[in-house]
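Take a look at the structure set out below.
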Amino acid sequence: MNTTPSSNQHFTPTAATRRALVLGGGGSTGNAWLIGVIAGLSDAGLDVTEADLVIGTSAGSTAAAQLAGATPAELLAAILDAAPQHRTGPAGSDGGRVPVRPVADHLERTARIIAAAEDAADMRRRMGALALDLAAASDAAVQARWRATVAARLPSLRWPQQRMLITAVDARTGEPAVFDRHSGVDLVDAVAASCASGFAYRIGDNSYIDGGHRSNAENADLAAGYARVLVLSPFGGRSRTPVDWGMHLAAQVDELRANGSSVETIFPDSNSEHMFGANAMDLSLRPPAAQAGYNQGRALAEQRTEFWR
């Protein structure tokens with residue numbers, strides 16, 4: 001099987017009227033918020049899932065794949081109807097609860113890597129090396145369990161006909177990776193790789209880490225050439241990397257606009273910001289995050305309709 005991701009040169013559309021939907025990373029609460037926003041927009045008469053291109057990163061890759069197999073209303077209902085979760089700590093990659101300290105340790109380790117890195121490429125290589133060290137300590141059962149966890153979240157395990165890009169980073173080389181339905185990689189594996197935070201996920205002979213390390217949590221640059229670009233960012237466009245690396249969402253939005261794209265962004269409002277960042281893996285916050293997103297989507301639908309259509 002060919003597990004080499006498609007190169008970016010294949011992403012430029014031919015039609016100047018095409019629309020791109022960008023779904024950024026943001027943990028468990030970010031995924032719920034994304035679903036909520038899209039469901040709110042849809043209930044108010046604006047269906048953004050009909051985009052010509054959907055770009056998904058980390059939690060956004062899960063949302064993209066979920067929306068390819070179920071309606072926003074169905075996904076929102078599943079979140080709101082889920083059994084209540086206790087606030088015992090962040091969620092582990094296998095869906096279980098883990099102590100807060102290991103998550104904090106990981107954030108501290110990655111912060112040191114960012115501070116020590118010379119540039120973005122150096123940071124990705126260092127992040128990959130850390131993840132490979134952690135992956136070496138895990139067994140095949142851990143990888144299989146993570147794959148099963150991701151598969152259980154997806155209504156359909158097949159790539160949609162709609163154009164979808166799922167981002168990741170090659171853990172060994174630090175090179176950005178982007179999967180689509182022509183990459184020879186299962187949709188489940190692409191999403192599992194994009195969400196691999198803190199360890200490296202193996203696909204064939206290659207290993208990958210979280211797509212948020214590619215450029216930022218949104219990777220909006222992949223929408224270059226599309227006339228209208230709607231970016232949903234659970235982290236509000238924030239980045240942990242230095243501004244002079246040019247990896248912030250604002251820099252990508254400026255570049256897209258400079259090249260002729262019309263770009264709109266949606267960030268969590270001030271009343272729901274506390275559910276992201278440090279709390280992004282708290283499963284008990286998924287329902288309120290989804291509800292907050294839904295309320296925003298409903299409120300923003302009218303002003304976004306003219307832009308999108």
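Simple scheme: letters A, B, ... for chains in structure tokens order, numbers from 1 for residues in each chain, numbers from 1 for ligands in the order shown.
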Neighbours of Asp81 of chain A within 12 Å (only C-alpha atoms; same-chain residues fewer than 6 positions away dropped), as a compact mmCIF listing (two decimals) with N, CA and C atoms, in the first residue's frame?
# COMPACT_ATOMS: atom_id res chain seq x y z
N ALA A 73 -27.10 17.79 12.67
CA ALA A 73 -28.11 17.61 13.71
C ALA A 73 -27.92 16.29 14.44
N GLU A 74 -27.62 15.23 13.71
CA GLU A 74 -27.41 13.92 14.32
C GLU A 74 -26.18 13.92 15.22
N LEU A 75 -25.11 14.53 14.75
CA LEU A 75 -23.88 14.58 15.53
C LEU A 75 -24.05 15.43 16.78
N ARG A 286 -17.88 18.67 26.84
CA ARG A 286 -18.33 18.52 25.46
C ARG A 286 -19.76 19.03 25.23
N PRO A 287 -20.73 18.67 26.06
CA PRO A 287 -22.09 19.19 25.82
C PRO A 287 -22.18 20.71 25.88
N PRO A 288 -21.63 21.36 26.92
CA PRO A 288 -21.72 22.83 26.91
C PRO A 288 -20.94 23.47 25.76
N ALA A 290 -20.58 22.14 22.75
CA ALA A 290 -21.42 21.97 21.57
C ALA A 290 -22.59 22.95 21.58
N GLN A 291 -23.19 23.14 22.76
CA GLN A 291 -24.32 24.07 22.86
C GLN A 291 -23.88 25.50 22.59
Can you tell me, as JSON, numbers by chain, which residues in segment 102-205 of chain A count as strand (DSSP E) by DSSP?
{"A": [163, 164, 165, 166, 167, 168, 169, 170, 176, 177, 178, 179, 201, 202, 203]}
A:Ala111, A:Leu67, A:Cys195, A:Ala116: which is nearest Pro155 of chain A, counting only C-alpha atoms?
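Distance minimum relative to Pro155 of chain A lands on A:Leu67.
Backbone DSSP of segment 123-176 of chain A yields helix (DSSP H, G or I) at A:Met123, A:Arg124, A:Arg125, A:Arg126, A:Met127, A:Gly128, A:Ala129, A:Leu130, A:Ala131, A:Leu132, A:Asp133, A:Leu134, A:Ala135, A:Ala136, A:Ala140, A:Ala141, A:Val142, A:Gln143, A:Ala144, A:Arg145, A:Trp146, A:Arg147, A:Ala148, A:Thr149, A:Val150, A:Ala151, A:Ala152, A:Arg153.
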Which residues, written as a CSV table (one decimal) with C-alpha atoms, in the first residue's frame, have at least one atom at most 8 Å from Leu34 of chain A, with only C-alpha atoms counted and residues fewer than 3 positions away on the same chain left out?
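The result, stored in part_35.csv:
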chain,number,residue,atom,x,y,z
A,23,LEU,CA,-12.0,22.9,10.7
A,30,GLY,CA,-13.1,21.8,20.2
A,31,ASN,CA,-14.6,18.9,18.2
A,37,VAL,CA,-21.4,25.7,15.1
A,38,ILE,CA,-22.1,23.8,11.9
A,60,GLY,CA,-11.1,19.1,13.1
A,63,ALA,CA,-15.3,16.6,12.8
A,232,LEU,CA,-13.7,27.6,12.4
A,234,PRO,CA,-11.7,26.4,18.5
A,290,ALA,CA,-21.4,22.0,21.6
A,293,GLY,CA,-21.1,26.5,19.3
Shortest interatomic distance to Asp122 of chain A - which of A:Ala171, A:Arg145, A:Ala83, A:Ala32, counting only C-alpha atoms
A:Ala171
Given only C-alpha atoms as the counted atoms, nearest of A:Gln161, A:Ser261, A:Ser61, A:Thr241 to Ala121 of chain A:
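Comparing A:Gln161, A:Ser261, A:Ser61, A:Thr241 against Ala121 of chain A, the winner is A:Thr241.
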Which value, in Å to one decimal, gives the distance between atom CA of Gly25 of chain A and atom CA of Arg214 of chain A?
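Atom-to-atom, atom CA of Gly25 of chain A to atom CA of Arg214 of chain A, that is 11.6 Å.
Of the residues listed (A:Trp146, A:Phe235, A:Tyr201, A:Trp308), A:Tyr201 shows the shortest atom-to-atom separation from Val169 of chain A; distances use only C-alpha atoms.
The neighbours of Ser194 of chain A here are the residues that come within 8 Å of it, using only C-alpha atoms and leaving out any residue fewer than 2 positions away in the same chain; they are Thr57, Ser58, Ser61, Ile166, Thr167, Ala168, Val169, Ala190, Val191, Ala192, Ala196, Tyr208, Ile209, Asp210, Gly211 and Gly212 of chain A.
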At a cut-off of 8 Å, using only C-alpha atoms, what residues contact Arg163 of chain A? Leave out same-chain residues fewer than 3 positions from it and give the result as a short mmCIF file (atom, residue, chain, number, x, y, z; two decimals) with N, CA, C and O atoms, in the first residue's frame.
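Produced file out.cif, reproduced below:
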data_model
loop_
_atom_site.label_atom_id
_atom_site.label_comp_id
_atom_site.auth_asym_id
_atom_site.auth_seq_id
_atom_site.Cartn_x
_atom_site.Cartn_y
_atom_site.Cartn_z
N ASP A 52 -16.73 22.82 -1.33
CA ASP A 52 -15.99 22.07 -2.35
C ASP A 52 -14.75 21.41 -1.77
O ASP A 52 -14.24 20.44 -2.31
N LEU A 53 -14.24 21.97 -0.67
CA LEU A 53 -13.07 21.43 0.00
C LEU A 53 -13.28 21.55 1.50
O LEU A 53 -13.71 22.60 2.00
N VAL A 54 -12.98 20.47 2.24
CA VAL A 54 -12.98 20.50 3.69
C VAL A 54 -11.58 20.13 4.17
O VAL A 54 -11.03 19.11 3.76
N PRO A 160 -15.14 10.33 1.66
CA PRO A 160 -16.24 10.84 0.85
C PRO A 160 -15.76 11.22 -0.54
O PRO A 160 -14.57 11.41 -0.77
N ASP A 180 -5.50 12.56 1.44
CA ASP A 180 -6.82 12.65 0.83
C ASP A 180 -7.21 11.25 0.35
O ASP A 180 -6.50 10.28 0.62
N ARG A 181 -8.33 11.14 -0.34
CA ARG A 181 -8.81 9.81 -0.72
C ARG A 181 -7.96 9.14 -1.79
O ARG A 181 -8.16 7.96 -2.09
#
